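Take a look at the structure set out below.
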Amino acid sequence: MPFPKSAKAYLEAVRNYEPGKPIEEVEREYGLKHAVKMASNENALGPSPKAVAAVRKALSKIHRYPDGGSFYLRQKLARKLGVSPESLIFGNGSDELLVFAARAFAGASDEVVIADPTFLIYEIASLAENARVIKVPMRDFHYDLDAMRAKIGPKTKLVFIANPDNPVGTYVPEKALAQFLSGVPEGVLVVLDEAYYEFARAKKDYPDSLGLLRRFPNLFVTRTFSKAYGLSGLRIGYGVGAPSLVGALGKVREPFNVNLLAQAAAAAALDDKAHLARTLRLVAGGRAYLRNECRKMGIFTVDTVTNFVLADLGRPARPVYEGLLKRGVIVRPMNAWGLGTFLRITVGKPAENKRLVKELRAILERSAQ
Ligand SMILES: Cc1ncc(COP(=O)(O)O)c(C=O)c1O
């Protein structure tokens, strides 16, 4: 398809995000009944029942626009986090907040520093603003913050750090992060993407990012209700930063960006401590199981603190991904990240994890014959 001549010419080079296949489509294509999706780092447990009840209650109000200021959710979250309501901004998923950061801070000929591999949206959102993206390779599956600092120059406007990172699953500890932030010029915005915060925060040296916000006004922290809270389908995330920074990001926000059902669900999910605890238990158990089973099969996995496992098959992973698809298990091949021998597997329920292991083992054994 030719790129429209009247569209901004630089957009032609921007990659379209390649979504995973819907589960129903895989079932239809391969004639399967009970496919399992372990591809998008969602919550295998499902949404919080409290959130579901809140959505049901809010359904009769969807003829109204949502509250453009997310008033009730803002008050509740501000109290919970111990921050002022003005330091919060909500997005249609935390994705949208990353896009706001790129839109408000990066323009033509500006530079954005990111790690490699990392969450694809940082690059896509920056290229969509015609900024230049500088990728800094990880070292042994960890951020190389010294190398990232060295890439910050007069044109740098933004640095994105996913903590923990997707697709790698490792995290930057507090001390290293604080040291990095001390070396970043004030005019450079550092976006700290904590989409997997709830899974990682129990680690003793996981950063107290809201504490760091008090020391570094050029820091912006994003989190989401999509992962631990199980609300991916509703699209809601939040950002925390200095009110002046949040105000600047608000300029590129569409007034009703967060829908009414998402606001109701998120507020209810915040109260559901039991669901969150169950989620964390499920993920911790499943992660250990998957890593251990991979080890037994001779597959290397990265030491992840998230709800997914990055596995190196040591050979082209796409045929294995396709073999798993045919057997009704959907995982994520890592070719878009340049990691052709890797699969990313989202932790599922115990039976789903077992099924993945069984099918993976069968594929590997068959190809070894
Ligand atoms: C590192 C990271 N950041 C942000 C997101 C976006 O999440 P959402 O837009 O659902 O809040 C994801 C989702 O996979 C992610 O992995």
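In the structure tokens, the first chain shown is A, the next is B, and so on; residue numbers restart at 1 for each chain, and ligands run from 1 in the order shown.
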(message) When you look at range 239-241 of chain A with a cut-off of 8 Å (counting only C-alpha atoms), what residues show up, excluding the ones that are within fewer than 6 positions of it in the same chain? I need them as a PyMOL selection string.
(response) chain A and resi 87-91+94+97+210+213+217+219-223
Keeping only C-alpha atoms, write the selected residues to a file as a compact mmCIF listing (two decimals), in the first residue's frame.
# COMPACT_ATOMS: atom_id res chain seq x y z
CA SER A 87 0.70 15.26 40.76
CA LEU A 88 -1.43 12.58 39.07
CA ILE A 89 -2.40 12.16 35.43
CA PHE A 90 -4.46 9.30 34.01
CA GLY A 91 -4.11 7.66 30.62
CA SER A 94 -0.09 3.75 30.66
CA LEU A 97 1.12 8.50 29.10
CA LEU A 210 7.79 8.30 44.60
CA LEU A 213 10.31 12.25 42.72
CA PRO A 217 11.66 17.08 39.50
CA LEU A 219 11.31 12.36 36.86
CA PHE A 220 7.91 11.04 35.74
CA VAL A 221 6.68 7.67 37.02
CA THR A 222 4.04 5.65 35.15
CA ARG A 223 2.08 2.64 36.37
How close does each residue of chain A get to ligand 1, giving the shortest atom pair and distance in Å to one decimal for every residue with an atom at most 10 Å away, counting only C-alpha atoms and all ligand atoms, sorted by chain and residue number, as a tab-separated table?
residue	atom	partner	partner_atom_place_in_ligand_line	distance
A:Ala39	CA	ligand 1	14 (O)	9.7
A:Ser40	CA	ligand 1	14 (O)	6.3
A:Asn41	CA	ligand 1	14 (O)	6.2
A:Glu42	CA	ligand 1	14 (O)	7.9
A:Gly91	CA	ligand 1	11 (O)	8.0
A:Asn92	CA	ligand 1	9 (O)	6.9
A:Gly93	CA	ligand 1	9 (O)	3.5
A:Ser94	CA	ligand 1	11 (O)	3.5
A:Asp95	CA	ligand 1	9 (O)	3.7
A:Glu96	CA	ligand 1	9 (O)	6.5
A:Leu97	CA	ligand 1	9 (O)	8.2
A:Leu98	CA	ligand 1	4 (C)	7.9
A:Thr118	CA	ligand 1	1 (C)	7.4
A:Phe119	CA	ligand 1	1 (C)	5.2
A:Leu120	CA	ligand 1	1 (C)	8.5
A:Ile121	CA	ligand 1	4 (C)	7.9
A:Tyr122	CA	ligand 1	3 (N)	8.9
A:Phe160	CA	ligand 1	1 (C)	9.9
A:Ile161	CA	ligand 1	1 (C)	8.6
A:Ala162	CA	ligand 1	1 (C)	5.2
A:Asn163	CA	ligand 1	1 (C)	7.3
A:Pro164	CA	ligand 1	1 (C)	7.1
A:Asp165	CA	ligand 1	1 (C)	5.6
A:Asn166	CA	ligand 1	1 (C)	4.8
A:Pro167	CA	ligand 1	16 (O)	7.2
A:Val168	CA	ligand 1	1 (C)	9.6
A:Gly169	CA	ligand 1	1 (C)	9.1
A:Leu192	CA	ligand 1	3 (N)	9.4
A:Asp193	CA	ligand 1	3 (N)	5.7
A:Glu194	CA	ligand 1	3 (N)	6.8
A:Ala195	CA	ligand 1	3 (N)	4.9
A:Tyr196	CA	ligand 1	1 (C)	7.1
A:Tyr197	CA	ligand 1	1 (C)	9.8
A:Thr222	CA	ligand 1	4 (C)	8.0
A:Arg223	CA	ligand 1	11 (O)	6.8
A:Thr224	CA	ligand 1	11 (O)	4.3
A:Phe225	CA	ligand 1	11 (O)	6.3
A:Ser226	CA	ligand 1	10 (O)	4.7
A:Lys227	CA	ligand 1	10 (O)	7.2
A:Gly230	CA	ligand 1	10 (O)	9.7
A:Leu231	CA	ligand 1	10 (O)	8.1
A:Ser232	CA	ligand 1	10 (O)	5.3
A:Gly233	CA	ligand 1	10 (O)	8.0
A:Leu234	CA	ligand 1	10 (O)	8.7
A:Arg235	CA	ligand 1	10 (O)	5.9
A:Ile236	CA	ligand 1	11 (O)	6.0
A:Gly237	CA	ligand 1	11 (O)	4.9
A:Tyr238	CA	ligand 1	11 (O)	8.1
A:Thr306	CA	ligand 1	16 (O)	9.7
A:Phe308	CA	ligand 1	16 (O)	9.8
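Across A:Val357, A:Val133, A:Ile363, A:Ala267, the tightest approach to Ser109 in chain A is made by A:Val133 when counting only C-alpha atoms.
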(message) Restricting the calculation to only C-alpha atoms: of A:Thr170, A:Gln179, A:Ser60, A:Ser48, which residue gets closest to Tyr206 in chain A?
(response)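 When distances to Tyr206 in chain A are compared using only C-alpha atoms, the smallest one comes from A:Thr170.
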(message) Calculated over only C-alpha atoms, which of the candidates A:Asp271, A:Ala266, A:Leu261, A:Leu212 has the smallest distance to Arg74 in chain A?
(response) A:Ala266
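Comparing A:Lys273, A:Asn353, A:Arg366, A:Lys296 by their smallest distance to Val320 in chain A, the closest is A:Arg366 (using only C-alpha atoms).
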(request) Please report, as a PyMOL selection string, each residue of range 94-290 of chain A to which DSSP assigns helix (DSSP H, G or I) when run on this structure's backbone. (result) chain A and resi 94-105+120-127+145-150+174-182+197-200+209-215+232-234+243-250+260-271+273-290
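You can rank A:Leu11, A:Ala262, A:Arg132, A:Val99 by their closest distance to Leu59 in chain A using only C-alpha atoms, and at the top of that list sits A:Ala262.
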(message) Applying 8 Å and only C-alpha atoms, which residues near Leu260 in chain A remain after dropping the ones on its own chain fewer than 3 positions away? List them as a ChimeraX atom specification.
(response) /A:58,62,65-67,263-264
(message) Restricting the calculation to only C-alpha atoms: of A:Asp110, A:Asp116, A:Glu322, A:Glu12, which residue gets closest to Leu339 in chain A?
(response)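 Using only C-alpha atoms, Leu339 in chain A sits closest to A:Asp116.
Running DSSP on the backbone gives strand (DSSP E or B) for these residues within range 161-291 of chain A: Ile161, Ala162, Leu189, Val190, Val191, Leu192, Asp193, Leu219, Phe220, Val221, Thr222, Arg223, Thr224, Gly237, Tyr238, Gly239 and Val240 of chain A.
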Write out, as an mmCIF file, in the first residue's frame, the residues just selected, with N, CA and C atoms.
data_model
loop_
_atom_site.group_PDB
_atom_site.id
_atom_site.type_symbol
_atom_site.label_atom_id
_atom_site.label_comp_id
_atom_site.auth_asym_id
_atom_site.auth_seq_id
_atom_site.Cartn_x
_atom_site.Cartn_y
_atom_site.Cartn_z
ATOM 1 N N ILE A 161 12.990 4.562 30.926
ATOM 2 C CA ILE A 161 13.513 3.388 31.640
ATOM 3 C C ILE A 161 12.320 2.539 32.072
ATOM 4 N N ALA A 162 12.273 1.312 31.598
ATOM 5 C CA ALA A 162 11.220 0.402 32.055
ATOM 6 C C ALA A 162 11.772 -0.350 33.253
ATOM 7 N N LEU A 189 13.819 14.935 30.587
ATOM 8 C CA LEU A 189 12.783 14.209 31.321
ATOM 9 C C LEU A 189 13.116 12.714 31.348
ATOM 10 N N VAL A 190 13.089 12.150 32.552
ATOM 11 C CA VAL A 190 13.287 10.703 32.670
ATOM 12 C C VAL A 190 11.926 10.058 32.979
ATOM 13 N N VAL A 191 11.456 9.225 32.061
ATOM 14 C CA VAL A 191 10.195 8.510 32.280
ATOM 15 C C VAL A 191 10.533 7.146 32.858
ATOM 16 N N LEU A 192 10.061 6.909 34.071
ATOM 17 C CA LEU A 192 10.311 5.631 34.735
ATOM 18 C C LEU A 192 9.016 4.825 34.636
ATOM 19 N N ASP A 193 9.031 3.836 33.773
ATOM 20 C CA ASP A 193 7.823 3.060 33.481
ATOM 21 C C ASP A 193 7.758 1.866 34.422
ATOM 22 N N LEU A 219 11.683 13.776 36.913
ATOM 23 C CA LEU A 219 11.308 12.362 36.864
ATOM 24 C C LEU A 219 9.785 12.242 36.728
ATOM 25 N N PHE A 220 9.344 11.307 35.914
ATOM 26 C CA PHE A 220 7.911 11.038 35.738
ATOM 27 C C PHE A 220 7.727 9.529 35.839
ATOM 28 N N VAL A 221 6.867 9.103 36.766
ATOM 29 C CA VAL A 221 6.680 7.665 37.018
ATOM 30 C C VAL A 221 5.331 7.233 36.444
ATOM 31 N N THR A 222 5.317 6.153 35.666
ATOM 32 C CA THR A 222 4.038 5.650 35.152
ATOM 33 C C THR A 222 3.778 4.238 35.679
ATOM 34 N N ARG A 223 2.517 3.979 35.940
ATOM 35 C CA ARG A 223 2.077 2.635 36.375
ATOM 36 C C ARG A 223 0.759 2.297 35.685
ATOM 37 N N THR A 224 0.320 1.068 35.870
ATOM 38 C CA THR A 224 -0.867 0.646 35.116
ATOM 39 C C THR A 224 -1.792 -0.241 35.941
ATOM 40 N N GLY A 237 -4.138 3.660 33.067
ATOM 41 C CA GLY A 237 -2.866 3.726 33.774
ATOM 42 C C GLY A 237 -2.725 5.121 34.367
ATOM 43 N N TYR A 238 -1.722 5.307 35.218
ATOM 44 C CA TYR A 238 -1.537 6.645 35.806
ATOM 45 C C TYR A 238 -0.073 7.027 35.820
ATOM 46 N N GLY A 239 0.140 8.344 35.872
ATOM 47 C CA GLY A 239 1.495 8.867 35.972
ATOM 48 C C GLY A 239 1.591 9.779 37.181
ATOM 49 N N VAL A 240 2.772 9.806 37.797
ATOM 50 C CA VAL A 240 3.006 10.687 38.950
ATOM 51 C C VAL A 240 4.225 11.538 38.654
#
(message) I'd like the contact shell of range 139-152 of chain A - 8 Å cut-off, only C-alpha atoms, skipping same-chain residues fewer than 4 positions apart - returned as number ranges by chain.
(response) A: 113-115, 134, 156, 168, 170-172, 176, 180, 183-184, 302
(request) Work out how far apart CA of Glu174 in chain A and CA of Asp205 in chain A are and give it in Å to one decimal. (result)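 Here the two named atoms are 5.6 Å from each other.
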(message) With only C-alpha atoms as the counted atoms, please give the residues lying no more than 12 Å from Cys294 in chain A, apart from itself and same-chain residues fewer than 5 positions off, as a PyMOL selection string.
(response) chain A and resi 287-289+299-302+309-313+343+345+353-354+356-358+360-361+364
Any chance you could export the current selection's N, CA and C atoms as a tab-separated table (two decimals), in the first residue's frame?
chain	number	residue	atom	x	y	z
A	287	ARG	N	6.05	-18.47	37.97
A	287	ARG	CA	7.36	-18.02	37.44
A	287	ARG	C	8.45	-19.01	37.83
A	288	ALA	N	8.45	-19.40	39.09
A	288	ALA	CA	9.47	-20.35	39.56
A	288	ALA	C	9.31	-21.68	38.84
A	289	TYR	N	8.06	-22.11	38.67
A	289	TYR	CA	7.79	-23.38	37.98
A	289	TYR	C	8.30	-23.32	36.54
A	299	ILE	N	16.89	-24.89	28.67
A	299	ILE	CA	16.57	-23.56	28.12
A	299	ILE	C	16.94	-22.50	29.14
A	300	PHE	N	17.71	-21.51	28.71
A	300	PHE	CA	18.10	-20.41	29.59
A	300	PHE	C	16.93	-19.44	29.76
A	301	THR	N	16.67	-19.02	31.00
A	301	THR	CA	15.68	-17.95	31.22
A	301	THR	C	16.33	-16.84	32.03
A	302	VAL	N	15.86	-15.62	31.78
A	302	VAL	CA	16.38	-14.47	32.51
A	302	VAL	C	15.72	-14.43	33.89
A	309	VAL	N	8.35	-14.54	31.51
A	309	VAL	CA	9.67	-15.16	31.52
A	309	VAL	C	10.24	-15.06	30.11
A	310	LEU	N	11.44	-14.54	30.00
A	310	LEU	CA	12.11	-14.47	28.69
A	310	LEU	C	13.03	-15.69	28.58
A	311	ALA	N	12.76	-16.51	27.56
A	311	ALA	CA	13.47	-17.78	27.44
A	311	ALA	C	14.25	-17.83	26.13
A	312	ASP	N	15.51	-18.25	26.23
A	312	ASP	CA	16.35	-18.38	25.04
A	312	ASP	C	16.42	-19.86	24.65
A	313	LEU	N	15.82	-20.17	23.50
A	313	LEU	CA	15.77	-21.58	23.07
A	313	LEU	C	17.09	-22.01	22.44
A	343	LEU	N	11.66	-16.63	23.26
A	343	LEU	CA	10.21	-16.53	23.41
A	343	LEU	C	9.94	-15.80	24.73
A	345	ILE	N	7.16	-15.68	27.62
A	345	ILE	CA	6.02	-16.47	28.09
A	345	ILE	C	5.41	-15.78	29.30
A	353	ASN	N	0.41	-23.27	32.72
A	353	ASN	CA	1.87	-23.39	32.75
A	353	ASN	C	2.30	-24.82	32.42
A	354	LYS	N	1.56	-25.76	33.02
A	354	LYS	CA	1.86	-27.19	32.78
A	354	LYS	C	1.69	-27.53	31.31
A	356	LEU	N	1.85	-25.53	28.72
A	356	LEU	CA	2.94	-24.91	27.95
A	356	LEU	C	4.18	-25.79	28.01
A	357	VAL	N	4.53	-26.22	29.22
A	357	VAL	CA	5.74	-27.03	29.41
A	357	VAL	C	5.62	-28.35	28.64
A	358	LYS	N	4.46	-28.97	28.74
A	358	LYS	CA	4.24	-30.26	28.06
A	358	LYS	C	4.39	-30.09	26.55
A	360	LEU	N	5.83	-27.63	24.87
A	360	LEU	CA	7.18	-27.18	24.51
A	360	LEU	C	8.13	-28.37	24.50
A	361	ARG	N	7.99	-29.19	25.54
A	361	ARG	CA	8.85	-30.37	25.62
A	361	ARG	C	8.61	-31.28	24.41
A	364	LEU	N	10.25	-29.81	21.29
A	364	LEU	CA	11.71	-29.90	21.32
A	364	LEU	C	12.17	-31.35	21.13
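Between CA of Gly285 in chain A and CA of Lys37 in chain A the separation is 18.1 Å.
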(message) Set the distance at 8 Å and use only C-alpha atoms: which residues neighbour Phe100 in chain A once local chain neighbours fewer than 4 positions away are removed? I'd like the list as a PyMOL selection string.
(response) chain A and resi 96+104+249+252-253
